[in-house]
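Okay, so here's the structure we're looking at.
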Amino acid sequence: MTDGKDAEKHEFREESESLWRIAFAPAIWAIHFVVCYAWVSLVCVKFGGDPAVMRVSLLAISAVALAAIAWLGWRAFRQWNVRDTGDFTNPEGEAEDRHEFLGHAAFLLAIISAIGVIYVSMPLIIIEGCR
Amino acid sequence: MSDTSRFDGPSSADPELEGIYPPTAEMIAEPMDPELSRAQAERLSRAWATPTGWRYWSSVNNTEVGVWYTLTAFCFMLLAGLMALLIRLQLAVPQNDLVSADLFNQLFTMHGSAMMFLFAVPIFESVSILILPSLVGARDMPFPRLSAFGYWCFLIGGIFVIGSIFFNVAPKAGWFMYPPLATEDPGPGSDIWLLGLSFIEVASIAAAVELIVGALKCRPPGMRVNIMPLYAWYVLVVGGMILFAFPPLIAGDLLFELERSFDWPFFDPTRGGDPLLWQHLFWIFGHPEVYIIFLPSIAIAAMIVPTVAQRPIVGYSWIVLSAVGTGFISFGLWVHHMFTTGLPNISLGFFSAASEAVVIPTGIQLFAFVATLMVGRVKLNLPMLWIAGGLAIFTAGGLTGVMLAIAPFDFQAHDTYFVVAHLHYTLFGGMVFPIIAGVYYYMPLISKKLMSKRLGRWSFWLIFSGFNITFLPMHLSGLLGMPRRVFTYPGGLGWDIWNLVSTCGAFVIAAGFAIFMFDLLTHGRRSALTPRNPWGGGTLEWTHDVPEANWGVRSIPYITSRYPLWDDPNLVERMDAGRYYLGDSAEETRETIVTSVIDARPLYIQPITGPTWITLVAAAFTGGAFIFPTFHMYWPAGICGVLAICTIITWLWRDTARPPKTHMADVGLGLRLPTYASGSRSAGWWAMWITMLADSTAFASLIFSVFYYWTAHPDFPPAGSAHPELMLVALAGICVALAWGATFGAREVNTHGRPGLARALLGGGALLSLAAASFMTLSVTDLSPKTHAYPAILSAITIWMGVHSALGALMQLYCLAGSTFGKLTPRYDADLRNVTLYWHFHALAALIAAATLGLVPLMLT
Amino acid sequence: MTARRWKSKAGTRAGASCALLLLAACSGRQSALDPAGEDAETLALMFTVMVTAAAILWLCLNGLFFYVTRVSPRRMSRKLANGLVIGGGILMPLVLIGALLAWGLSILPDHDQPGDGLVIRVQGEQWWWRVAYETPEGDVISANEIRMPVGERVSFVLDSHRVIHSFWIPSLGGKMDMFPGRQTNLSLRADEAGIYRGQCAEFCGASHAWMAFEVEAMEPDAFDAWLAAEAAPAGPPDGGAEAIGRQIFAREGCGGCHEIRGTEFQGQVGPDLTHVGSRHSLGAGRLGARLEDFSTWIAHTDDLKPGVEMPPFDHLPQEELTALAAYLKGLQ
């Protein structure tokens, strides 16, 4: 056994994996969604306030959410490691394939979450005011 | 979901497995001694024998319970379908007087409620209970008695709810039960809906917990997450959605029933309540519900399509992505049922956007199927015909869904027959057709016989054409201005002809279903036994035994690919010979292997409980506790509740987490596994974890309600209203914290070999929990919940916390008794670890509740 | 009863698909496909665009499905399949739906934009409508019928007495729910004079099906004249039968529930009847407004409208019912 092999084993060992991790990007979408909804309710229904400020702040939050999703997506893409392995499907019952599969799934979910955040930000750009 | 938990320290009863894992190719290839194999098979067969005669009904096996469950759900579907026929007959011509307005309103309410709660969700759970174990090569579900309990609850609750229509007292305010119409309805109808369906929802959550644990912990050794059948992924996602979608409705039901029974004005606008709160709680449940119904059917398609294409699915990861993505986004759609309620336009915009975003993952699934068929060598079969028909219908429903998600268009189409058409297109195409495809596809697993191809085609074309004749014109009648839920309509508005066409179509559908049911019920007598793998599938369920054997699988295989039957030609023969794991049962007891979540490493042998009547008794008492309050019989309800708790404690005490006779046992292929596990290794711990997620979601919904009132009403809390006694709230919070500390401490000292101290801590903890419940109750005695929604919602939170504290005390006492009578020892401490986990959740919830009761009034006023 | 309204609007329909022409051919006066107002016009156009695109997409997807299963079941290239998932599953919907969403969001705020001045308050009752026209001289009270000037955006301020209803005039635009204890807003503009039909769209109990109303869009001058007449109190009974009818109205206690301005009848439970004779329908769109409809309604309320609060006056002899009808019909 070489050191390299050990390091590889370490990378793919079960304890370092978590199914939760593939849900991080959608979770950011969900948090972004709740923040948008709650903030609009507070400004438009409860307290009043300048809707323009609200829209700009929420758009800034959208940008942060997109950045976070992009970072997660990039990490997941590296984990998928398709450029080195050339393996798009990861169908083997091996630790490495499982590791890369979870990366692939997380990467795709990051894409969907990014689309979700962009869509949900569209009303902030198009709809003016609270009415 | 890594197996190492943040909550649990190292466990003393945590030995590593002994022997060789994973097995080598030589070990697997070594032939079995046929004599030995036969002896093993006999022992297994005796251990898993189904009781005969009247004792048959005490079975808890997934194969029996799953079949009862599925057939019962089908019966409810047929009843709801008959109601639909009556609805269509009444609407065939304008100003018809076939049924009265009152009966019509009962019919459409019950049609919707029954289809949703008694058919669509239960059919997912029943089919999954039936086939999930065979898909993952397990012997049974992890908690078969829980499935049986869930089934009996479903049967009792379902008959209660649907039976009400025969006594003319059915709910009649729509399946969405909007207050004030539903709260003010004078008869018992609304109570029947609330209590009967809450009862079933609790059973649904129980089944979801079991299915999640089944998919996570009961996979065969070696079946890592990247090779598990797609159906198991869907079970995981849908189970998770049930955990977060049903609790808001249960919380809503609680508030609603408190208003109905005790006049606490949660939804009464004259006393600070808000009818819109119910709409939020209902649709936070209601929209994910649509995907809870739709995803499992897509999962069936995801099993059938690769078989038809005779090649692995294209885009396994893509389908996982779309299942998980749909699961998440479906929670951001609920307001599209409330587009016309006058919310701020920008809020509507968010929900419109999310409703459009969910189209993308849904579309990906369909394109992945098409891609699989493209690259495969298609071998068409009858189930595929139903899948194709379903796809055609579902895509039409999906496209009208894209239209309806555009809020301004929804302003026109909302609550019209356009929506009726849309929802039937999505549910028929996305659910009924795939389910029927699944029945044809999986019938060889269940009855060991194939259903008729000829009748199947007849039934398909009748249902398919009947469906389109019925529902296609409804798009038009809706846009011509016909609202939903009208018991009749005036002639001359252009609706007459389309309604008549719809009615005719409904009878064509009915004819198709009649043929299908005929075939379903009689095919056993008409056809011979099927070959083992009639469709040439590649997944583990097709290793089933023909004729029936009750053990699930003869031996639990070691799996290394997504389609093991295609990739390993020797697999079936070796499984049959008992070459793999657990091919024997030395003690003739039922057991299965529990594996780790990510990589399915074998962890321990879990004993599986056998036939019993106690689940039926427990379900009957639980049913009593829910059903008696409908008729305002609170004493019998209370007695039933206590008896239900006693029965369940007896059940748990006698048969779960008993210390094993031997510590390790041989499972074959040179592997020895522990026979007991506690903490995060054990299936029970995961069940508690998952259950508490659902419980916390319900609690969060109550807290959401407080803030909802505050946001939506300028005078919340109303000026001069009484607030909870701050001192008592603080005391309650401190008691809960101490009780949590006592439980946690008991677990620690017990692990370190001091059970005496642990018992003392548990006893003290129980007293503290009861004190906490009392203080919390006392803190709100000055509030009069009938006067305003503010005292009412705070009192409701108090009730919730009081019940949970009492339950916490009960669990502490259960562990105390276990420790005293030798059921719980320092080494075998699963009960205590599960109870500690409960207390982690409860302590957190109690602190939030105390903060809400104590501090929020100060901050909000 | 009103005559069907026929009109042609070749301009907006020039680009409409054959499908819509087919649909439009069978439209009625409660049809979203036969728009007579600004909002309904936009939404009908939007529907046409969406349904055309949807039909094309449906044919493509199902055609492809048919092709790969029936026409050409042989193996095709893996690359093509991957391209299909990415192109069909992500890129195409991303663009198409993004564009549709942007269009939808841009017209979303139109439905409650500020009106041109006239405010009509409508309150939902089980199962009829209280209507109040706000004027500088005070509210003009009416019921179960809306009249509005053509070409002017009218603001509707909506709420409800007990349960949730929904206010919907398909020919003019989208609907808006009516809540007890909460006010909602909607504004609509009729572009063509005519009589349309509105209906409650939120299930509201036994007779939800019979909660409708007539809407008459009038030329502005005619509307002003009508509003002035509507504001006036009821005139005295004109002729013998009507005077007898008025006595019966008083004797039977009808005034306990109904108001007729300018008389001693001041009830507030049921619809205002001050000018009931000039309305286009009875019982919230249940019947027409001919003389015999009045007597039918009064004698058979519960048959015509299950669960209605007004008791049936079927114990009255026919001539009394006719006299009562004559009095009410005379309240022009």
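How things are named: the first chain in the structure tokens is A, the next is B, and so on; residues count from 1 in each chain; ligands count from 1 in the order shown.
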Within 8 Å of Leu188 (chain C) using only C-alpha atoms, minus same-chain residues under 6 positions, as a list in words:
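The residues satisfying every condition are Gly37, Glu38, Asp39, His111, Gly115, Arg153, Val154, Ser155, Phe156, Leu172 and Gly173 of chain C.
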Could you take the residues named above and write them with C-alpha atoms, as a PDB file, in the first residue's frame?
ATOM      1  CA  GLY C  37     -62.452  44.863 -20.920  1.00  0.00           C
ATOM      2  CA  GLU C  38     -58.805  45.771 -20.809  1.00  0.00           C
ATOM      3  CA  ASP C  39     -57.647  43.076 -18.347  1.00  0.00           C
ATOM      4  CA  HIS C 111     -55.353  43.973 -11.572  1.00  0.00           C
ATOM      5  CA  GLY C 115     -58.927  53.476 -10.739  1.00  0.00           C
ATOM      6  CA  ARG C 153     -61.193  52.067 -14.687  1.00  0.00           C
ATOM      7  CA  VAL C 154     -63.470  51.400 -11.736  1.00  0.00           C
ATOM      8  CA  SER C 155     -62.100  50.478  -8.300  1.00  0.00           C
ATOM      9  CA  PHE C 156     -63.864  47.716  -6.452  1.00  0.00           C
ATOM     10  CA  LEU C 172     -63.848  42.079 -17.809  1.00  0.00           C
ATOM     11  CA  GLY C 173     -60.933  40.513 -15.942  1.00  0.00           C
TER      12      GLY C 173
END
Check every residue of chain B for an atom within 6 Å of chain C, counting only C-alpha atoms, and provide those that qualify as a VMD selection string.
chain B and resid 101 to 102 180 to 181 269 340 to 342 363 to 364 367 to 368 371 374 to 378 399 406 408 to 409 411 to 412 415 479 to 481 483 486 to 487 493 to 494
I need the residues from that last selection saved to file as an mmCIF file, in the first residue's frame (with N, CA and C atoms), if you can.
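Written file, selection-v6.cif:
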data_model
loop_
_atom_site.group_PDB
_atom_site.id
_atom_site.type_symbol
_atom_site.label_atom_id
_atom_site.label_comp_id
_atom_site.auth_asym_id
_atom_site.auth_seq_id
_atom_site.Cartn_x
_atom_site.Cartn_y
_atom_site.Cartn_z
ATOM 1 N N ALA B 101 -78.560 20.252 -3.251
ATOM 2 C CA ALA B 101 -77.345 21.056 -3.108
ATOM 3 C C ALA B 101 -76.512 20.531 -1.950
ATOM 4 N N ASP B 102 -77.194 20.188 -0.851
ATOM 5 C CA ASP B 102 -76.484 19.741 0.341
ATOM 6 C C ASP B 102 -75.727 18.441 0.071
ATOM 7 N N PRO B 180 -64.361 30.832 7.386
ATOM 8 C CA PRO B 180 -65.344 30.523 8.419
ATOM 9 C C PRO B 180 -66.427 29.524 7.958
ATOM 10 N N LEU B 181 -66.524 29.212 6.674
ATOM 11 C CA LEU B 181 -67.604 28.326 6.238
ATOM 12 C C LEU B 181 -67.526 26.998 6.989
ATOM 13 N N PRO B 269 -62.591 36.231 12.299
ATOM 14 C CA PRO B 269 -62.088 37.599 12.181
ATOM 15 C C PRO B 269 -62.711 38.557 13.183
ATOM 16 N N THR B 340 -55.540 34.752 -5.507
ATOM 17 C CA THR B 340 -56.618 35.743 -5.549
ATOM 18 C C THR B 340 -57.005 36.234 -4.159
ATOM 19 N N THR B 341 -56.114 36.077 -3.170
ATOM 20 C CA THR B 341 -56.493 36.504 -1.826
ATOM 21 C C THR B 341 -56.030 37.915 -1.514
ATOM 22 N N GLY B 342 -55.459 38.609 -2.503
ATOM 23 C CA GLY B 342 -55.111 40.008 -2.274
ATOM 24 C C GLY B 342 -53.810 40.209 -1.520
ATOM 25 N N GLY B 363 -39.493 18.364 -15.595
ATOM 26 C CA GLY B 363 -39.247 18.086 -16.998
ATOM 27 C C GLY B 363 -38.039 17.180 -17.193
ATOM 28 N N ILE B 364 -37.011 17.393 -16.383
ATOM 29 C CA ILE B 364 -35.786 16.592 -16.533
ATOM 30 C C ILE B 364 -36.098 15.104 -16.395
ATOM 31 N N PHE B 367 -37.563 13.857 -19.612
ATOM 32 C CA PHE B 367 -36.580 13.756 -20.686
ATOM 33 C C PHE B 367 -35.591 12.622 -20.430
ATOM 34 N N ALA B 368 -35.295 12.358 -19.157
ATOM 35 C CA ALA B 368 -34.400 11.234 -18.860
ATOM 36 C C ALA B 368 -35.050 9.919 -19.294
ATOM 37 N N ALA B 371 -34.779 9.734 -23.037
ATOM 38 C CA ALA B 371 -33.392 9.454 -23.410
ATOM 39 C C ALA B 371 -33.079 7.974 -23.194
ATOM 40 N N MET B 374 -34.472 6.082 -25.933
ATOM 41 C CA MET B 374 -33.737 6.333 -27.163
ATOM 42 C C MET B 374 -32.532 5.417 -27.284
ATOM 43 N N VAL B 375 -31.750 5.329 -26.208
ATOM 44 C CA VAL B 375 -30.499 4.578 -26.321
ATOM 45 C C VAL B 375 -30.726 3.089 -26.112
ATOM 46 N N GLY B 376 -31.904 2.689 -25.682
ATOM 47 C CA GLY B 376 -32.139 1.271 -25.431
ATOM 48 C C GLY B 376 -32.757 0.588 -26.639
ATOM 49 N N ARG B 377 -32.887 -0.741 -26.515
ATOM 50 C CA ARG B 377 -33.562 -1.509 -27.551
ATOM 51 C C ARG B 377 -34.954 -1.809 -26.994
ATOM 52 N N VAL B 378 -35.915 -1.013 -27.438
ATOM 53 C CA VAL B 378 -37.210 -1.006 -26.762
ATOM 54 C C VAL B 378 -37.971 -2.311 -26.955
ATOM 55 N N LEU B 399 -48.372 21.369 -18.681
ATOM 56 C CA LEU B 399 -48.354 22.602 -19.482
ATOM 57 C C LEU B 399 -49.452 23.563 -19.033
ATOM 58 N N ILE B 406 -48.736 31.404 -13.820
ATOM 59 C CA ILE B 406 -48.646 32.832 -14.140
ATOM 60 C C ILE B 406 -49.816 33.508 -13.426
ATOM 61 N N PRO B 408 -51.422 36.397 -13.144
ATOM 62 C CA PRO B 408 -52.558 37.103 -13.763
ATOM 63 C C PRO B 408 -53.496 36.149 -14.503
ATOM 64 N N PHE B 409 -52.928 35.144 -15.184
ATOM 65 C CA PHE B 409 -53.822 34.190 -15.854
ATOM 66 C C PHE B 409 -54.627 33.419 -14.823
ATOM 67 N N PHE B 411 -55.768 34.557 -12.148
ATOM 68 C CA PHE B 411 -56.906 35.367 -11.689
ATOM 69 C C PHE B 411 -58.160 34.998 -12.476
ATOM 70 N N GLN B 412 -57.975 34.712 -13.768
ATOM 71 C CA GLN B 412 -59.137 34.275 -14.561
ATOM 72 C C GLN B 412 -59.496 32.809 -14.272
ATOM 73 N N ASP B 415 -60.237 28.586 -9.490
ATOM 74 C CA ASP B 415 -61.554 28.136 -9.037
ATOM 75 C C ASP B 415 -62.579 27.984 -10.159
ATOM 76 N N LEU B 479 -62.994 28.213 -18.936
ATOM 77 C CA LEU B 479 -62.716 29.515 -19.529
ATOM 78 C C LEU B 479 -63.995 30.201 -19.986
ATOM 79 N N LEU B 480 -65.025 29.411 -20.239
ATOM 80 C CA LEU B 480 -66.322 30.016 -20.561
ATOM 81 C C LEU B 480 -67.008 30.545 -19.305
ATOM 82 N N GLY B 481 -66.330 30.427 -18.177
ATOM 83 C CA GLY B 481 -66.833 31.093 -16.979
ATOM 84 C C GLY B 481 -67.464 30.193 -15.947
ATOM 85 N N PRO B 483 -67.618 28.254 -12.720
ATOM 86 C CA PRO B 483 -66.830 28.072 -11.504
ATOM 87 C C PRO B 483 -66.881 26.618 -11.018
ATOM 88 N N VAL B 486 -70.001 24.115 -8.114
ATOM 89 C CA VAL B 486 -71.395 24.537 -8.232
ATOM 90 C C VAL B 486 -72.247 23.294 -8.386
ATOM 91 N N PHE B 487 -73.351 23.212 -7.648
ATOM 92 C CA PHE B 487 -74.150 21.989 -7.706
ATOM 93 C C PHE B 487 -75.029 21.968 -8.948
ATOM 94 N N LEU B 493 -75.314 29.520 -21.145
ATOM 95 C CA LEU B 493 -74.051 30.235 -21.012
ATOM 96 C C LEU B 493 -72.951 29.554 -21.816
ATOM 97 N N GLY B 494 -73.321 28.581 -22.654
ATOM 98 C CA GLY B 494 -72.329 27.888 -23.460
ATOM 99 C C GLY B 494 -71.699 26.709 -22.748
#
Using only C-alpha atoms, which residues sit within 7 Å of region 111-126 of chain A once same-chain residues fewer than 3 positions away are excluded, as a compact mmCIF listing (two decimals) with C-alpha atoms, in the first residue's frame?
# COMPACT_ATOMS: atom_id res chain seq x y z
CA ALA A 25 -27.74 24.33 -2.35
CA PRO A 26 -31.52 23.78 -2.33
CA TRP A 29 -32.69 28.52 -2.23
CA ARG A 55 -36.01 45.57 -3.37
CA LEU A 59 -31.49 41.74 -4.65
CA SER A 62 -30.03 37.19 -3.98
CA LEU A 66 -26.12 32.95 -5.87
CA ILE A 69 -24.61 28.33 -4.52
CA PHE A 107 -23.58 19.88 -8.66
CA LEU A 108 -26.85 19.40 -10.55
CA GLY B 325 -34.99 19.43 -6.35
CA ILE B 346 -44.47 41.13 -5.16
CA GLY B 349 -44.46 37.13 -7.82
CA PHE B 350 -42.18 34.98 -5.65
CA ALA B 353 -41.60 32.27 -9.97
CA ALA B 354 -41.10 29.23 -7.75
CA ALA B 357 -39.04 26.88 -11.41
CA LEU C 105 -44.84 39.50 -13.71
CA SER C 106 -45.02 42.64 -15.82
As an exercise, work out the distance from CA of Leu321 (chain B) to CA of Met223 (chain B) in Å and give it to one decimal place.
19.1 Å
Quick one: distance from CA of Leu731 (chain B) to CA of Leu837 (chain B) in Å, one decimal?
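Between CA of Leu731 (chain B) and CA of Leu837 (chain B) the gap is 22.8 Å.
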Residues of chain B within 8 Å of chain A, counting only C-alpha atoms, as a PDB file with C-alpha atoms, in the first residue's frame:
ATOM      1  CA  MET B   1     -26.889  11.941   7.337  1.00  0.00           C
ATOM      2  CA  SER B   2     -23.614  10.475   8.388  1.00  0.00           C
ATOM      3  CA  ASP B   3     -23.836   7.660  10.854  1.00  0.00           C
ATOM      4  CA  THR B   4     -21.868   9.488  13.483  1.00  0.00           C
ATOM      5  CA  GLY B 222     -22.761  -3.195  -0.478  1.00  0.00           C
ATOM      6  CA  MET B 223     -25.691  -1.248  -1.926  1.00  0.00           C
ATOM      7  CA  ARG B 224     -24.177   2.207  -1.636  1.00  0.00           C
ATOM      8  CA  VAL B 225     -26.317   5.283  -2.239  1.00  0.00           C
ATOM      9  CA  ASN B 226     -25.112   5.601  -5.809  1.00  0.00           C
ATOM     10  CA  ILE B 227     -26.458   2.192  -6.781  1.00  0.00           C
ATOM     11  CA  GLY B 315     -29.051  10.064 -16.100  1.00  0.00           C
ATOM     12  CA  TYR B 316     -29.368   8.319 -12.744  1.00  0.00           C
ATOM     13  CA  SER B 317     -27.878  11.391 -11.060  1.00  0.00           C
ATOM     14  CA  TRP B 318     -30.225  13.621 -13.053  1.00  0.00           C
ATOM     15  CA  VAL B 320     -31.943  11.958  -8.208  1.00  0.00           C
ATOM     16  CA  LEU B 321     -31.432  15.656  -8.745  1.00  0.00           C
ATOM     17  CA  SER B 322     -34.938  16.133 -10.036  1.00  0.00           C
ATOM     18  CA  VAL B 324     -34.590  16.116  -4.521  1.00  0.00           C
ATOM     19  CA  GLY B 325     -34.992  19.433  -6.349  1.00  0.00           C
ATOM     20  CA  PHE B 328     -37.452  21.279  -2.081  1.00  0.00           C
ATOM     21  CA  ILE B 329     -39.065  23.651  -4.541  1.00  0.00           C
ATOM     22  CA  GLY B 332     -42.286  27.263  -2.177  1.00  0.00           C
ATOM     23  CA  PRO B 344     -48.936  42.028  -2.083  1.00  0.00           C
ATOM     24  CA  ASN B 345     -48.160  41.587  -5.781  1.00  0.00           C
ATOM     25  CA  ILE B 346     -44.467  41.132  -5.155  1.00  0.00           C
ATOM     26  CA  SER B 347     -45.191  38.200  -2.805  1.00  0.00           C
ATOM     27  CA  GLY B 349     -44.462  37.129  -7.818  1.00  0.00           C
ATOM     28  CA  PHE B 350     -42.184  34.976  -5.649  1.00  0.00           C
ATOM     29  CA  PHE B 351     -44.642  32.124  -5.643  1.00  0.00           C
ATOM     30  CA  ALA B 353     -41.598  32.273  -9.970  1.00  0.00           C
ATOM     31  CA  ALA B 354     -41.101  29.227  -7.750  1.00  0.00           C
ATOM     32  CA  ALA B 357     -39.040  26.881 -11.410  1.00  0.00           C
ATOM     33  CA  ILE B 360     -37.538  22.276 -14.681  1.00  0.00           C
ATOM     34  CA  PRO B 361     -36.735  19.325 -12.398  1.00  0.00           C
ATOM     35  CA  ILE B 559     -24.703  -5.955  -4.138  1.00  0.00           C
ATOM     36  CA  THR B 560     -22.228  -4.063  -6.278  1.00  0.00           C
ATOM     37  CA  SER B 561     -24.234  -2.651  -9.191  1.00  0.00           C
ATOM     38  CA  ARG B 562     -27.443  -0.821 -10.049  1.00  0.00           C
ATOM     39  CA  ILE B 598     -24.173   5.822   2.881  1.00  0.00           C
ATOM     40  CA  ASP B 599     -22.313   2.647   2.034  1.00  0.00           C
ATOM     41  CA  THR B 711     -47.668  40.538  10.840  1.00  0.00           C
ATOM     42  CA  ALA B 712     -51.173  40.557   9.451  1.00  0.00           C
ATOM     43  CA  HIS B 713     -52.961  42.411  12.260  1.00  0.00           C
ATOM     44  CA  PRO B 714     -51.997  45.847  13.581  1.00  0.00           C
TER      45      PRO B 714
END
Which residue of C:Glu41, C:Glu242, C:Glu264, C:Glu125 approaches Val308 (chain C) most closely, using only C-alpha atoms
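For Val308 (chain C), the nearest of the candidates is C:Glu125.
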Check region 76-167 of chain C with DSSP on the backbone and list each residue it calls helix (DSSP H, G or I), as a VMD selection string.
chain C and resid 78 to 112
Contacts of Ile195 (chain C) at 12 Å (only C-alpha atoms; same-chain gap of 3+ positions) as an MDAnalysis selection string
chainID C and resid 1:6 28:30 36 145:150 169 171:172 190:192 198 213:218 279:281
Close residues, Ala232 (chain C) itself excluded, 9 Å, only C-alpha atoms, min 3 positions apart in chain, as a PyMOL selection string
chain C and resi 140+227-229+235+261-262+274
Restricting it to N, CA, C and O atoms, dump the selection as a PDB file, in the first residue's frame.
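Written output follows (part.pdb):
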ATOM      1  N   VAL C 140     -74.474  55.392  -2.653  1.00  0.00           N
ATOM      2  CA  VAL C 140     -75.714  54.962  -3.291  1.00  0.00           C
ATOM      3  C   VAL C 140     -75.786  53.450  -3.145  1.00  0.00           C
ATOM      4  O   VAL C 140     -74.920  52.729  -3.634  1.00  0.00           O
ATOM      5  N   LEU C 227     -77.026  56.619 -12.265  1.00  0.00           N
ATOM      6  CA  LEU C 227     -76.602  56.726 -10.877  1.00  0.00           C
ATOM      7  C   LEU C 227     -77.443  57.762 -10.141  1.00  0.00           C
ATOM      8  O   LEU C 227     -77.836  57.550  -8.986  1.00  0.00           O
ATOM      9  N   ALA C 228     -77.763  58.838 -10.840  1.00  0.00           N
ATOM     10  CA  ALA C 228     -78.606  59.875 -10.214  1.00  0.00           C
ATOM     11  C   ALA C 228     -79.979  59.298  -9.880  1.00  0.00           C
ATOM     12  O   ALA C 228     -80.525  59.516  -8.795  1.00  0.00           O
ATOM     13  N   ALA C 229     -80.522  58.514 -10.824  1.00  0.00           N
ATOM     14  CA  ALA C 229     -81.839  57.905 -10.580  1.00  0.00           C
ATOM     15  C   ALA C 229     -81.749  56.907  -9.439  1.00  0.00           C
ATOM     16  O   ALA C 229     -82.637  56.809  -8.587  1.00  0.00           O
ATOM     17  N   GLY C 235     -90.236  55.898  -5.803  1.00  0.00           N
ATOM     18  CA  GLY C 235     -91.443  56.665  -6.022  1.00  0.00           C
ATOM     19  C   GLY C 235     -92.647  55.955  -5.394  1.00  0.00           C
ATOM     20  O   GLY C 235     -92.555  54.793  -5.002  1.00  0.00           O
ATOM     21  N   ARG C 261     -85.795  52.753   0.131  1.00  0.00           N
ATOM     22  CA  ARG C 261     -85.566  54.132   0.559  1.00  0.00           C
ATOM     23  C   ARG C 261     -86.763  55.000   0.197  1.00  0.00           C
ATOM     24  O   ARG C 261     -87.382  54.812  -0.852  1.00  0.00           O
ATOM     25  N   GLY C 262     -87.076  55.922   1.078  1.00  0.00           N
ATOM     26  CA  GLY C 262     -88.233  56.778   0.844  1.00  0.00           C
ATOM     27  C   GLY C 262     -89.503  56.179   1.405  1.00  0.00           C
ATOM     28  O   GLY C 262     -90.585  56.712   1.206  1.00  0.00           O
ATOM     29  N   THR C 274     -84.817  49.336  -3.290  1.00  0.00           N
ATOM     30  CA  THR C 274     -85.324  50.640  -3.681  1.00  0.00           C
ATOM     31  C   THR C 274     -85.649  50.731  -5.182  1.00  0.00           C
ATOM     32  O   THR C 274     -86.665  51.259  -5.575  1.00  0.00           O
TER      33      THR C 274
END
Just give me the gap between CA of Arg833 (chain B) and CA of Ile608 (chain B) in Å, one decimal is fine.
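Atom-to-atom, CA of Arg833 (chain B) to CA of Ile608 (chain B), that is 20.1 Å.
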For Ile120 (chain C), please output as a compact mmCIF listing (two decimals) with N, CA and C atoms, in the first residue's frame all residues within 7 Å (counting only C-alpha atoms; exclusion window: fewer than 4 positions along the same chain).
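Just written: part.txt:
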# COMPACT_ATOMS: atom_id res chain seq x y z
N VAL C 131 -74.09 46.21 -2.69
CA VAL C 131 -73.31 47.09 -3.57
C VAL C 131 -73.49 48.53 -3.13
N ALA C 132 -72.39 49.28 -3.04
CA ALA C 132 -72.48 50.70 -2.68
C ALA C 132 -71.59 51.49 -3.62
N TYR C 133 -72.19 52.50 -4.29
CA TYR C 133 -71.42 53.39 -5.16
C TYR C 133 -71.04 54.61 -4.35
N GLU C 134 -69.75 54.87 -4.26
CA GLU C 134 -69.32 56.03 -3.48
C GLU C 134 -69.47 57.29 -4.33
N SER C 155 -62.69 51.20 -9.44
CA SER C 155 -62.10 50.48 -8.30
C SER C 155 -63.20 49.75 -7.54
N PHE C 156 -62.94 48.49 -7.28
CA PHE C 156 -63.86 47.72 -6.45
C PHE C 156 -63.19 47.46 -5.11
N VAL C 157 -63.90 47.83 -4.04
CA VAL C 157 -63.40 47.56 -2.69
C VAL C 157 -64.28 46.45 -2.14
Per-residue DSSP, region 67-125 of chain C, filtered to strand (DSSP E), as JSON, numbers by chain:
{"C": [119, 120, 121, 122, 123, 124, 125]}
Per residue of region 443-518 of chain B within 10 Å of region 524-530 of chain B, which atom pair is closest and at what distance in Å (one decimal), using only C-alpha atoms, listed by chain and increasing number, as a tab-separated table?
residue	atom	partner	partner_atom	distance
B:Met443	CA	B:Thr530	CA	9.7
B:Pro444	CA	B:Thr530	CA	6.4
B:Leu445	CA	B:Thr530	CA	9.2
B:Ser447	CA	B:Gly524	CA	6.9
B:Lys448	CA	B:Leu529	CA	5.8
B:Lys449	CA	B:Thr530	CA	4.9
B:Leu450	CA	B:Thr530	CA	6.1
B:Met451	CA	B:Ser527	CA	7.8
B:Ser452	CA	B:Ser527	CA	8.3
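Nearest to chain A of all the residues C:Ala99, C:Ile260, C:Leu118, C:Ala234 is C:Ala99, counting only C-alpha atoms.
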